[in-house]
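Trainee: protein35.cif is reproduced in full below (mmCIF, C-alpha atoms).
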data_data
loop_
_atom_site.label_atom_id
_atom_site.label_comp_id
_atom_site.auth_asym_id
_atom_site.auth_seq_id
_atom_site.Cartn_x
_atom_site.Cartn_y
_atom_site.Cartn_z
CA MET A 1 90.45 -137.18 89.69
CA THR A 2 91.13 -138.44 86.20
CA ASP A 3 89.92 -141.82 87.38
CA SER A 4 86.48 -140.57 88.35
CA LYS A 5 86.35 -138.54 85.14
CA SER A 6 87.01 -141.55 82.96
CA LYS A 7 84.49 -143.54 84.96
CA ARG A 8 81.91 -140.90 84.22
CA ALA A 9 82.81 -141.07 80.54
CA ILE A 10 82.33 -144.84 80.56
CA ARG A 11 78.92 -144.48 82.18
CA LEU A 12 77.83 -141.74 79.79
CA LYS A 13 78.87 -143.82 76.81
CA ALA A 14 76.93 -146.82 78.07
CA LEU A 15 73.87 -144.68 78.77
CA LYS A 16 74.01 -143.23 75.25
CA ALA A 17 74.18 -146.73 73.78
CA ALA A 18 71.40 -148.07 76.00
CA PHE A 19 68.83 -145.28 75.74
CA PRO A 20 67.82 -145.69 72.06
CA LYS A 21 67.34 -149.44 72.57
CA THR A 22 64.81 -148.74 75.30
CA LEU A 23 62.64 -146.28 73.33
CA PRO A 24 60.01 -148.83 72.31
CA ILE A 25 59.82 -149.90 75.95
CA LEU A 26 59.36 -146.25 76.96
CA ALA A 27 56.23 -146.07 74.81
CA GLY A 28 54.94 -149.45 75.91
CA PHE A 29 55.62 -149.03 79.62
CA LEU A 30 54.15 -145.54 79.76
CA PHE A 31 50.95 -146.83 78.17
CA LEU A 32 50.70 -150.03 80.23
CA GLY A 33 51.98 -148.34 83.38
CA ILE A 34 49.43 -145.54 83.08
CA SER A 35 46.67 -148.09 82.47
CA TYR A 36 47.82 -150.06 85.49
CA GLY A 37 48.08 -147.05 87.80
CA PHE A 38 44.73 -145.78 86.56
CA TYR A 39 43.14 -149.19 87.10
CA MET A 40 44.53 -149.35 90.65
CA ARG A 41 43.25 -145.88 91.44
CA VAL A 42 39.72 -146.52 90.21
CA SER A 43 39.81 -149.81 92.15
CA GLY A 44 40.27 -147.70 95.28
CA PHE A 45 44.02 -147.69 95.92
CA SER A 46 46.04 -144.52 96.51
CA PHE A 47 49.01 -143.70 94.27
CA PHE A 48 51.27 -145.08 96.98
CA PHE A 49 50.29 -148.65 96.08
CA PRO A 50 51.24 -148.62 92.38
CA LEU A 51 54.35 -146.58 93.26
CA CYS A 52 55.60 -149.17 95.77
CA MET A 53 54.51 -152.15 93.73
CA SER A 54 56.13 -150.92 90.55
CA ILE A 55 59.37 -150.39 92.48
CA ILE A 56 59.54 -153.68 94.38
CA ILE A 57 57.74 -156.13 92.06
CA PHE A 58 58.51 -154.62 88.65
CA GLY A 59 56.52 -157.20 86.70
CA GLY A 60 53.53 -155.95 84.72
CA SER A 61 51.38 -159.06 84.47
CA LEU A 62 51.64 -159.90 88.15
CA GLU A 63 50.96 -156.31 89.19
CA PHE A 64 47.73 -156.32 87.18
CA VAL A 65 46.70 -159.64 88.69
CA ALA A 66 47.63 -158.32 92.14
CA VAL A 67 44.86 -155.72 91.86
CA THR A 68 42.31 -158.56 91.71
CA MET A 69 44.11 -160.37 94.54
CA LEU A 70 44.03 -157.27 96.74
CA LEU A 71 40.29 -156.94 96.13
CA SER A 72 39.60 -160.61 96.95
CA PRO A 73 39.61 -162.33 100.36
CA PHE A 74 43.10 -162.75 101.87
CA ALA A 75 44.65 -165.97 100.51
CA PRO A 76 48.42 -165.95 101.10
CA ILE A 77 49.20 -169.44 99.76
CA GLN A 78 47.21 -168.93 96.60
CA THR A 79 48.79 -165.50 96.14
CA PHE A 80 52.30 -166.88 96.50
CA LEU A 81 51.72 -169.83 94.15
CA MET A 82 49.95 -167.65 91.61
CA ALA A 83 52.83 -165.17 91.69
CA LEU A 84 55.30 -168.03 91.28
CA VAL A 85 53.64 -169.47 88.18
CA ILE A 86 53.05 -166.07 86.58
CA GLN A 87 56.71 -165.21 87.12
CA ALA A 88 58.09 -168.73 86.50
CA ARG A 89 59.31 -167.69 83.06
CA HIS A 90 62.01 -165.60 84.75
CA LEU A 91 63.68 -168.86 85.77
CA PHE A 92 64.45 -169.41 82.14
CA TYR A 93 65.56 -165.86 81.52
CA GLY A 94 67.97 -166.36 84.38
CA ILE A 95 69.31 -169.55 82.86
CA ALA A 96 69.78 -167.72 79.57
CA MET A 97 71.58 -164.80 81.22
CA LEU A 98 73.93 -166.80 83.48
CA ASP A 99 76.87 -166.12 81.19
CA LYS A 100 76.12 -162.53 80.23
CA TYR A 101 75.64 -161.35 83.79
CA LYS A 102 78.65 -163.27 85.01
CA CYS A 103 81.22 -160.50 85.30
CA THR A 104 79.04 -157.56 86.17
CA GLY A 105 80.28 -157.15 89.72
CA LYS A 106 78.12 -155.26 92.19
CA LYS A 107 75.61 -154.36 89.49
CA LYS A 108 74.63 -158.01 89.17
CA LEU A 109 72.22 -157.86 92.11
CA TYR A 110 70.26 -155.04 90.52
CA LEU A 111 70.39 -156.64 87.05
CA ILE A 112 68.78 -159.80 88.42
CA PHE A 113 66.31 -157.85 90.56
CA GLY A 114 65.15 -155.85 87.54
CA MET A 115 65.06 -158.66 85.00
CA CYS A 116 61.55 -158.15 83.62
CA ASP A 117 60.56 -159.51 80.19
CA GLU A 118 61.58 -156.33 78.39
CA SER A 119 64.95 -155.83 80.07
CA PHE A 120 65.70 -159.48 79.45
CA SER A 121 64.83 -159.34 75.79
CA ILE A 122 66.99 -156.27 75.13
CA ASN A 123 69.95 -157.45 77.18
CA CYS A 124 69.75 -160.93 75.73
CA SER A 125 69.44 -159.93 72.08
CA GLN A 126 71.27 -156.64 71.55
CA GLU A 127 74.78 -156.52 70.22
CA ILE A 128 76.64 -154.12 72.44
CA PRO A 129 78.71 -151.68 70.35
CA GLU A 130 82.48 -151.88 70.50
CA GLY A 131 84.03 -149.92 73.35
CA VAL A 132 80.85 -149.75 75.43
CA ASP A 133 81.09 -151.16 78.93
CA LYS A 134 78.82 -154.21 78.98
CA SER A 135 77.84 -154.18 82.61
CA TYR A 136 76.91 -150.49 82.47
CA PHE A 137 74.92 -151.09 79.29
CA TYR A 138 72.90 -153.86 80.97
CA PHE A 139 72.55 -151.68 84.03
CA PHE A 140 71.16 -148.68 82.17
CA VAL A 141 68.74 -150.76 80.10
CA THR A 142 67.36 -152.25 83.32
CA LEU A 143 67.30 -148.93 85.17
CA LEU A 144 65.64 -146.97 82.35
CA ASN A 145 62.93 -149.62 81.94
CA HIS A 146 62.35 -149.63 85.69
CA LEU A 147 62.01 -145.83 85.71
CA TYR A 148 59.58 -145.85 82.76
CA TRP A 149 57.39 -148.37 84.55
CA ILE A 150 57.43 -146.50 87.88
CA THR A 151 56.67 -143.21 86.11
CA GLY A 152 53.81 -144.70 84.12
CA ALA A 153 52.22 -146.42 87.10
CA THR A 154 52.43 -143.36 89.33
CA LEU A 155 51.25 -141.00 86.61
CA GLY A 156 48.28 -143.25 85.86
CA SER A 157 47.17 -143.35 89.47
CA LEU A 158 47.49 -139.57 89.81
CA ILE A 159 45.49 -139.02 86.61
CA GLY A 160 42.95 -141.53 87.93
CA GLY A 161 42.33 -139.25 90.90
CA PHE A 162 41.31 -136.30 88.70
CA ILE A 163 39.38 -137.90 85.91
CA LYS A 164 35.70 -138.06 86.57
CA PHE A 165 34.31 -139.99 83.59
CA ASP A 166 32.65 -143.37 83.97
CA THR A 167 35.41 -145.95 84.19
CA THR A 168 33.16 -149.04 84.26
CA GLY A 169 34.81 -151.74 82.20
CA ILE A 170 38.36 -150.33 82.46
CA ASP A 171 39.40 -153.65 84.04
CA PHE A 172 39.11 -155.16 80.56
CA VAL A 173 42.54 -153.64 79.90
CA MET A 174 44.02 -156.58 81.80
CA THR A 175 41.96 -159.11 79.85
CA SER A 176 42.99 -157.49 76.56
CA MET A 177 46.63 -157.52 77.57
CA PHE A 178 46.63 -161.23 78.37
CA ILE A 179 44.68 -162.08 75.20
CA VAL A 180 47.31 -160.28 73.14
CA ILE A 181 50.18 -162.00 74.99
CA PHE A 182 48.44 -165.37 74.59
CA LEU A 183 47.79 -164.71 70.91
CA GLU A 184 51.38 -163.63 70.22
CA ASN A 185 52.61 -166.80 71.89
CA TRP A 186 50.05 -168.87 69.93
CA LEU A 187 51.25 -167.41 66.63
CA LYS A 188 54.86 -168.16 67.52
CA GLU A 189 54.44 -171.77 68.65
CA LYS A 190 54.40 -174.68 66.25
CA ARG A 191 52.00 -176.82 68.23
CA HIS A 192 49.29 -175.43 70.41
CA ILE A 193 49.07 -178.28 72.92
CA SER A 194 50.46 -176.23 75.80
CA SER A 195 48.19 -173.23 75.14
CA LEU A 196 45.18 -175.52 74.84
CA ILE A 197 46.11 -177.31 78.07
CA GLY A 198 46.15 -173.92 79.81
CA ILE A 199 42.70 -172.93 78.53
CA ILE A 200 41.02 -176.32 78.99
CA ALA A 201 42.50 -177.06 82.44
CA SER A 202 41.45 -173.59 83.67
CA VAL A 203 37.90 -173.83 82.33
CA VAL A 204 37.39 -177.35 83.72
CA CYS A 205 38.79 -176.36 87.14
CA LEU A 206 36.77 -173.13 87.12
CA ILE A 207 33.57 -175.13 86.66
CA ALA A 208 34.62 -177.78 89.17
CA PHE A 209 36.06 -175.60 91.96
CA GLY A 210 34.41 -172.21 91.48
CA LYS A 211 36.00 -168.85 90.73
CA ASP A 212 37.58 -168.28 94.15
CA SER A 213 39.55 -171.50 94.41
CA PHE A 214 40.26 -172.83 90.92
CA LEU A 215 43.79 -171.47 90.53
CA ILE A 216 45.77 -173.95 92.63
CA PRO A 217 44.08 -177.03 91.08
CA THR A 218 44.58 -175.46 87.64
CA MET A 219 48.30 -174.97 88.21
CA ALA A 220 48.64 -178.55 89.43
CA CYS A 221 46.73 -179.88 86.40
CA ILE A 222 48.89 -177.82 84.02
CA ILE A 223 52.14 -179.21 85.42
CA ILE A 224 50.81 -182.80 85.38
CA LEU A 225 49.43 -182.48 81.85
CA LEU A 226 52.64 -180.89 80.56
CA ALA A 227 54.59 -183.80 82.03
CA LEU A 228 52.19 -186.34 80.47
CA PHE A 229 52.21 -184.69 77.05
CA LYS A 230 55.95 -184.10 76.95
CA LYS A 231 56.39 -186.31 73.86
CA PRO A 232 53.78 -184.74 71.55
CA ILE A 233 54.69 -181.23 72.73
CA THR A 234 58.40 -181.61 72.02
CA LYS A 235 57.85 -183.66 68.85
CA GLY A 236 59.14 -181.79 65.85
CA ASP A 237 61.38 -179.59 67.98
CA GLU A 238 64.14 -182.16 67.87
CA ALA A 239 64.00 -182.47 64.11
CA LYS A 240 64.86 -178.81 63.80
CA MET B 1 41.37 -157.15 103.39
CA THR B 2 43.10 -155.16 106.12
CA LEU B 3 46.12 -152.99 105.35
CA THR B 4 48.42 -155.58 106.95
CA GLN B 5 46.96 -158.30 104.75
CA GLN B 6 47.44 -156.07 101.70
CA ILE B 7 51.08 -155.49 102.64
CA ILE B 8 51.59 -159.24 103.10
CA THR B 9 49.96 -159.93 99.72
CA ILE B 10 52.22 -157.42 97.97
CA GLY B 11 55.23 -158.74 99.88
CA LEU B 12 54.49 -162.29 98.79
CA CYS B 13 54.20 -161.16 95.16
CA ALA B 14 57.59 -159.47 95.42
CA LEU B 15 59.13 -162.45 97.19
CA ALA B 16 57.88 -164.92 94.57
CA THR B 17 59.13 -162.65 91.79
CA MET B 18 62.59 -162.36 93.31
CA LEU B 19 62.71 -166.10 93.89
CA THR B 20 62.11 -166.75 90.18
CA ARG B 21 64.70 -164.14 89.16
CA PHE B 22 67.47 -165.08 91.59
CA LEU B 23 67.09 -168.85 91.78
CA PRO B 24 68.89 -169.75 88.51
CA PHE B 25 71.89 -167.66 89.51
CA LEU B 26 72.01 -169.34 92.90
CA VAL B 27 71.48 -172.90 91.64
CA PHE B 28 73.29 -173.14 88.33
CA SER B 29 76.79 -172.13 87.64
CA SER B 30 77.16 -170.88 84.10
CA ASP B 31 79.11 -173.91 82.87
CA LYS B 32 76.61 -176.54 84.04
CA GLU B 33 73.56 -177.44 81.92
CA PRO B 34 70.21 -177.21 83.77
CA PRO B 35 68.20 -180.47 83.98
CA LYS B 36 66.29 -181.48 80.83
CA PHE B 37 62.86 -181.48 82.47
CA ILE B 38 63.40 -177.93 83.75
CA LYS B 39 64.36 -176.80 80.27
CA TYR B 40 61.27 -178.49 78.83
CA ILE B 41 58.90 -176.95 81.39
CA GLY B 42 60.52 -173.61 80.68
CA LYS B 43 59.63 -173.83 77.04
CA ALA B 44 56.18 -175.35 77.45
CA LEU B 45 54.85 -173.50 80.50
CA PRO B 46 54.34 -169.94 79.17
CA GLY B 47 51.62 -170.89 76.66
CA ALA B 48 49.62 -172.71 79.31
CA ILE B 49 50.04 -169.93 81.89
CA PHE B 50 48.93 -167.23 79.44
CA GLY B 51 45.87 -169.36 78.68
CA MET B 52 45.18 -169.67 82.39
CA LEU B 53 45.49 -165.90 82.85
CA VAL B 54 42.97 -165.21 80.09
CA VAL B 55 40.49 -167.53 81.83
CA TYR B 56 41.38 -165.92 85.17
CA CYS B 57 40.46 -162.48 83.81
CA LEU B 58 37.10 -163.78 82.64
CA LYS B 59 36.31 -165.86 85.74
CA GLY B 60 33.56 -163.51 86.93
CA VAL B 61 31.51 -163.70 83.73
CA SER B 62 28.08 -165.22 84.21
CA LEU B 63 26.59 -167.06 81.27
CA THR B 64 23.24 -167.65 82.97
CA SER B 65 22.25 -164.14 84.07
CA TYR B 66 21.70 -160.91 82.13
CA SER B 67 24.17 -159.90 79.47
CA TYR B 68 25.11 -163.62 79.29
CA GLY B 69 28.79 -162.92 78.72
CA LEU B 70 28.04 -161.14 75.46
CA PRO B 71 30.05 -157.95 76.11
CA GLU B 72 33.02 -160.09 77.12
CA LEU B 73 32.64 -162.32 74.06
CA ILE B 74 32.49 -159.31 71.72
CA GLY B 75 35.40 -157.68 73.59
CA VAL B 76 37.58 -160.80 73.33
CA LEU B 77 36.78 -161.26 69.63
CA SER B 78 37.54 -157.58 68.89
CA VAL B 79 40.94 -157.83 70.57
CA ILE B 80 41.75 -160.99 68.60
CA LEU B 81 40.60 -159.59 65.26
CA ILE B 82 42.25 -156.19 65.70
CA HIS B 83 45.44 -157.88 66.78
CA LEU B 84 45.49 -160.33 63.87
CA TRP B 85 44.81 -157.42 61.53
CA LYS B 86 47.41 -154.90 62.75
CA ARG B 87 49.69 -156.91 65.10
CA LYS B 88 50.21 -153.78 67.22
CA MET B 89 50.05 -154.76 70.87
CA LEU B 90 49.15 -151.37 72.30
CA LEU B 91 46.52 -150.66 69.63
CA SER B 92 44.82 -154.01 70.26
CA ILE B 93 44.75 -153.50 74.03
CA ALA B 94 43.51 -149.91 73.85
CA SER B 95 40.80 -150.49 71.26
CA GLY B 96 39.60 -153.71 72.91
CA THR B 97 39.23 -151.92 76.23
CA VAL B 98 37.39 -148.97 74.69
CA ILE B 99 35.00 -151.27 72.80
CA TYR B 100 34.28 -153.21 75.98
CA MET B 101 33.71 -150.03 78.00
CA ILE B 102 31.27 -148.73 75.40
CA LEU B 103 29.45 -152.06 75.45
CA VAL B 104 29.01 -152.28 79.23
CA GLN B 105 28.24 -148.59 79.68
CA LEU B 106 25.98 -147.83 76.74
CA VAL B 107 24.75 -151.02 75.11
CA PHE B 108 24.14 -153.62 77.79
#
Output the file's structure in the form of structure tokens.
Mentor:
Amino acid sequence: MTDSKSKRAIRLKALKAAFPKTLPILAGFLFLGISYGFYMRVSGFSFFFPLCMSIIIFGGSLEFVAVTMLLSPFAPIQTFLMALVIQARHLFYGIAMLDKYKCTGKKKLYLIFGMCDESFSINCSQEIPEGVDKSYFYFFVTLLNHLYWITGATLGSLIGGFIKFDTTGIDFVMTSMFIVIFLENWLKEKRHISSLIGIIASVVCLIAFGKDSFLIPTMACIIILLALFKKPITKGDEAK
Amino acid sequence: MTLTQQIITIGLCALATMLTRFLPFLVFSSDKEPPKFIKYIGKALPGAIFGMLVVYCLKGVSLTSYSYGLPELIGVLSVILIHLWKRKMLLSIASGTVIYMILVQLVF
């Protein structure tokens, strides 16, 4: 009896520590999630799609791209590869979190499952206050973010069913999002070789292979070019 | 696409996502350093992928037929300028989208 009571106290304490850290994500995920759900709905998908996708994929960029994939001809290999490269950054989040998620017991499976950019950045950077259970803190950060995203996506698709104004051009929300992400990354990096490789390789392959089949050659070119330009790209990093 | 194909597409997206999230924990133990090339790709890849995704979003734009990519060009420039000015992610996305919607619905 006292055992379950103290367990509840530990959980409550962790939740109270985690919630304020996730507030910016609440705002961001509600906005992006609503845009995503709305976009899916006006693209002809019922609320069930964004609901399921936000639960099982839980990765904003890929879910936006998936709308375009679902509207294009069925291309399983391209879909899988595209999803892999969009999500490849998680590999490095995982490497960074190996230690922190080490002793989290049964919660570890869910922590890894829900390791989106935002959950990673909070769990990786935040100092956990003294006396707060670490694994529950990580758990609640991940869970709250997941719930915000599911709520936003579902809400957006439900709103999309009622609203009757002209939504032509709403798909630009995805373009804007990637421009902002690209720009933020550009402003952070010292050299822009990698960003430029991404743009140039995509444009060249788009012209050469056409809009329905340029992605796989682009991804191949990017990996090859990154390997070739390893020296100039890493130059200056070592000095620091 | 049939419903089955849609389910497969979504399933593949989920599978690829989980692969990228679980793989490091399956492959590396926390006391072993990951290979150098993997670390390098990890640092260098995001910039290139974000660039690719921007191009991917704009892949349907036609420069040779009417509107000549102008609404997209103005939309892209607005997002960049608003973002450089305020550095508020959500503001840049929202205003860029609204500007683009106005352009394609009322101007072009």
Trainee: Take the PyMOL selection byres ((chain B and resi 83) around 12), apply it to the structure above, and return the hits as a CSV table (one decimal) with C-alpha atoms, in the frame of the given file.
Mentor:
chain,number,residue,atom,x,y,z
A,176,SER,CA,43.0,-157.5,76.6
A,177,MET,CA,46.6,-157.5,77.6
A,179,ILE,CA,44.7,-162.1,75.2
A,180,VAL,CA,47.3,-160.3,73.1
A,181,ILE,CA,50.2,-162.0,75.0
A,182,PHE,CA,48.4,-165.4,74.6
A,183,LEU,CA,47.8,-164.7,70.9
A,184,GLU,CA,51.4,-163.6,70.2
A,187,LEU,CA,51.2,-167.4,66.6
B,76,VAL,CA,37.6,-160.8,73.3
B,77,LEU,CA,36.8,-161.3,69.6
B,78,SER,CA,37.5,-157.6,68.9
B,79,VAL,CA,40.9,-157.8,70.6
B,80,ILE,CA,41.8,-161.0,68.6
B,81,LEU,CA,40.6,-159.6,65.3
B,82,ILE,CA,42.2,-156.2,65.7
B,84,LEU,CA,45.5,-160.3,63.9
B,85,TRP,CA,44.8,-157.4,61.5
B,86,LYS,CA,47.4,-154.9,62.8
B,87,ARG,CA,49.7,-156.9,65.1
B,88,LYS,CA,50.2,-153.8,67.2
B,89,MET,CA,50.0,-154.8,70.9
B,90,LEU,CA,49.2,-151.4,72.3
B,91,LEU,CA,46.5,-150.7,69.6
B,92,SER,CA,44.8,-154.0,70.3
B,93,ILE,CA,44.8,-153.5,74.0
B,94,ALA,CA,43.5,-149.9,73.8
B,95,SER,CA,40.8,-150.5,71.3
B,96,GLY,CA,39.6,-153.7,72.9
Trainee: Could the residues of chain B within 8 Å of chain A, counting all atoms listed in the file, be given as a short mmCIF file (atom, residue, chain, number, x, y, z; two decimals) with C-alpha atoms, in the frame of the given file, please?
Mentor:
data_model
loop_
_atom_site.label_atom_id
_atom_site.label_comp_id
_atom_site.auth_asym_id
_atom_site.auth_seq_id
_atom_site.Cartn_x
_atom_site.Cartn_y
_atom_site.Cartn_z
CA MET B 1 41.37 -157.15 103.39
CA GLN B 5 46.96 -158.30 104.75
CA GLN B 6 47.44 -156.07 101.70
CA ILE B 8 51.59 -159.24 103.10
CA THR B 9 49.96 -159.93 99.72
CA ILE B 10 52.22 -157.42 97.97
CA LEU B 12 54.49 -162.29 98.79
CA CYS B 13 54.20 -161.16 95.16
CA ALA B 14 57.59 -159.47 95.42
CA ALA B 16 57.88 -164.92 94.57
CA THR B 17 59.13 -162.65 91.79
CA MET B 18 62.59 -162.36 93.31
CA THR B 20 62.11 -166.75 90.18
CA ARG B 21 64.70 -164.14 89.16
CA PHE B 22 67.47 -165.08 91.59
CA LEU B 23 67.09 -168.85 91.78
CA PRO B 24 68.89 -169.75 88.51
CA PHE B 25 71.89 -167.66 89.51
CA PHE B 28 73.29 -173.14 88.33
CA SER B 29 76.79 -172.13 87.64
CA SER B 30 77.16 -170.88 84.10
CA PRO B 34 70.21 -177.21 83.77
CA LYS B 39 64.36 -176.80 80.27
CA TYR B 40 61.27 -178.49 78.83
CA ILE B 41 58.90 -176.95 81.39
CA GLY B 42 60.52 -173.61 80.68
CA ALA B 44 56.18 -175.35 77.45
CA LEU B 45 54.85 -173.50 80.50
CA PRO B 46 54.34 -169.94 79.17
CA GLY B 47 51.62 -170.89 76.66
CA ALA B 48 49.62 -172.71 79.31
CA ILE B 49 50.04 -169.93 81.89
CA PHE B 50 48.93 -167.23 79.44
CA GLY B 51 45.87 -169.36 78.68
CA MET B 52 45.18 -169.67 82.39
CA LEU B 53 45.49 -165.90 82.85
CA VAL B 54 42.97 -165.21 80.09
CA VAL B 55 40.49 -167.53 81.83
CA TYR B 56 41.38 -165.92 85.17
CA CYS B 57 40.46 -162.48 83.81
CA LEU B 58 37.10 -163.78 82.64
CA LYS B 59 36.31 -165.86 85.74
CA GLY B 60 33.56 -163.51 86.93
CA VAL B 76 37.58 -160.80 73.33
CA VAL B 79 40.94 -157.83 70.57
CA ILE B 80 41.75 -160.99 68.60
CA HIS B 83 45.44 -157.88 66.78
CA MET B 89 50.05 -154.76 70.87
CA LEU B 90 49.15 -151.37 72.30
CA SER B 92 44.82 -154.01 70.26
CA ILE B 93 44.75 -153.50 74.03
CA ALA B 94 43.51 -149.91 73.85
CA GLY B 96 39.60 -153.71 72.91
CA THR B 97 39.23 -151.92 76.23
CA VAL B 98 37.39 -148.97 74.69
CA TYR B 100 34.28 -153.21 75.98
CA MET B 101 33.71 -150.03 78.00
CA VAL B 104 29.01 -152.28 79.23
CA GLN B 105 28.24 -148.59 79.68
#
Trainee: Closest to Glu118 in chain A among A:Gly60, A:Gly37, A:Pro20, A:Pro217, using all atoms listed in the file?
Mentor: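 Answer, going by the shortest atom-to-atom distance: A:Gly60.
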Trainee: Please, what distance in Å, to one decimal, runs between CA of Glu130 in chain A and CA of Lys16 in chain A?
Mentor: 13.0 Å
Trainee: Report the residues retrieved by the PyMOL selection byres ((chain A and resi 155-160) around 6) from the displayed file, expressed as a list in words.
Mentor: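 The output of the PyMOL selection byres ((chain A and resi 155-160) around 6) on this file is Ile34, Gly37, Phe38, Arg41, Phe47, Thr151, Gly152, Ala153, Thr154, Gly161, Phe162 and Ile163 of chain A.
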Trainee: Can you work out which one of A:Tyr36, A:Leu26, A:Lys188, A:Thr104 has the shortest atom-to-atom distance to Tyr148 in chain A, counting all atoms listed in the file?
Mentor: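 Answer, going by the shortest atom-to-atom distance: A:Leu26.
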Trainee: Please report the interatomic distance between CA of Phe108 in chain B and CA of Val61 in chain B in Å with one decimal.
Mentor: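 That distance, rounded to one decimal, is 13.8 Å.
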Trainee: Report, in Å with one decimal, the straight-line distance from CA of Ser125 in chain A to CA of Phe140 in chain A.
Mentor: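 Separation of CA of Ser125 in chain A and CA of Phe140 in chain A: 15.2 Å.
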Trainee: I'd like to know which of B:Leu3, B:Leu63, B:Leu73, B:Val27 is closest to Ile99 in chain B, using all atoms listed in the file.
Mentor: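 Distance minimum relative to Ile99 in chain B lands on B:Leu73.
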Trainee: Evaluate the PyMOL selection byres ((chain A and resi 141) around 12) here and jot the selected residues down as an NGL selection string.
Mentor: :A and (14-26 or 110-111 or 114-124 or 126 or 128 or 134-140 or 142-148)
Trainee: Please write range 172-203 of chain A of the preceding block to a file containing C-alpha atoms, as an mmCIF file, in the first residue's frame?
Mentor:
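Dumped to part_26.cif:
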data_model
loop_
_atom_site.group_PDB
_atom_site.id
_atom_site.type_symbol
_atom_site.label_atom_id
_atom_site.label_comp_id
_atom_site.auth_asym_id
_atom_site.auth_seq_id
_atom_site.Cartn_x
_atom_site.Cartn_y
_atom_site.Cartn_z
ATOM 1 C CA PHE A 172 2.737 25.409 -48.888
ATOM 2 C CA VAL A 173 2.762 24.896 -45.108
ATOM 3 C CA MET A 174 5.061 21.926 -45.699
ATOM 4 C CA THR A 175 7.348 23.914 -47.995
ATOM 5 C CA SER A 176 7.526 26.750 -45.453
ATOM 6 C CA MET A 177 8.324 24.327 -42.661
ATOM 7 C CA PHE A 178 11.232 22.763 -44.532
ATOM 8 C CA ILE A 179 12.560 26.160 -45.635
ATOM 9 C CA VAL A 180 12.623 27.281 -42.012
ATOM 10 C CA ILE A 181 14.323 24.059 -40.867
ATOM 11 C CA PHE A 182 16.845 24.359 -43.716
ATOM 12 C CA LEU A 183 17.477 28.013 -42.902
ATOM 13 C CA GLU A 184 17.945 27.355 -39.181
ATOM 14 C CA ASN A 185 20.447 24.642 -40.015
ATOM 15 C CA TRP A 186 22.175 26.959 -42.530
ATOM 16 C CA LEU A 187 22.550 29.693 -39.911
ATOM 17 C CA LYS A 188 24.014 27.220 -37.433
ATOM 18 C CA GLU A 189 26.575 25.564 -39.701
ATOM 19 C CA LYS A 190 30.012 27.011 -40.319
ATOM 20 C CA ARG A 191 30.347 25.787 -43.879
ATOM 21 C CA HIS A 192 27.441 25.331 -46.202
ATOM 22 C CA ILE A 193 28.883 22.567 -48.370
ATOM 23 C CA SER A 194 26.456 19.924 -47.123
ATOM 24 C CA SER A 195 23.379 22.161 -47.541
ATOM 25 C CA LEU A 196 24.518 23.151 -51.021
ATOM 26 C CA ILE A 197 25.135 19.509 -51.955
ATOM 27 C CA GLY A 198 21.543 18.756 -50.931
ATOM 28 C CA ILE A 199 20.075 21.553 -53.061
ATOM 29 C CA ILE A 200 22.304 21.071 -56.114
ATOM 30 C CA ALA A 201 22.099 17.252 -56.188
ATOM 31 C CA SER A 202 18.283 17.416 -55.903
ATOM 32 C CA VAL A 203 17.873 20.029 -58.636
#
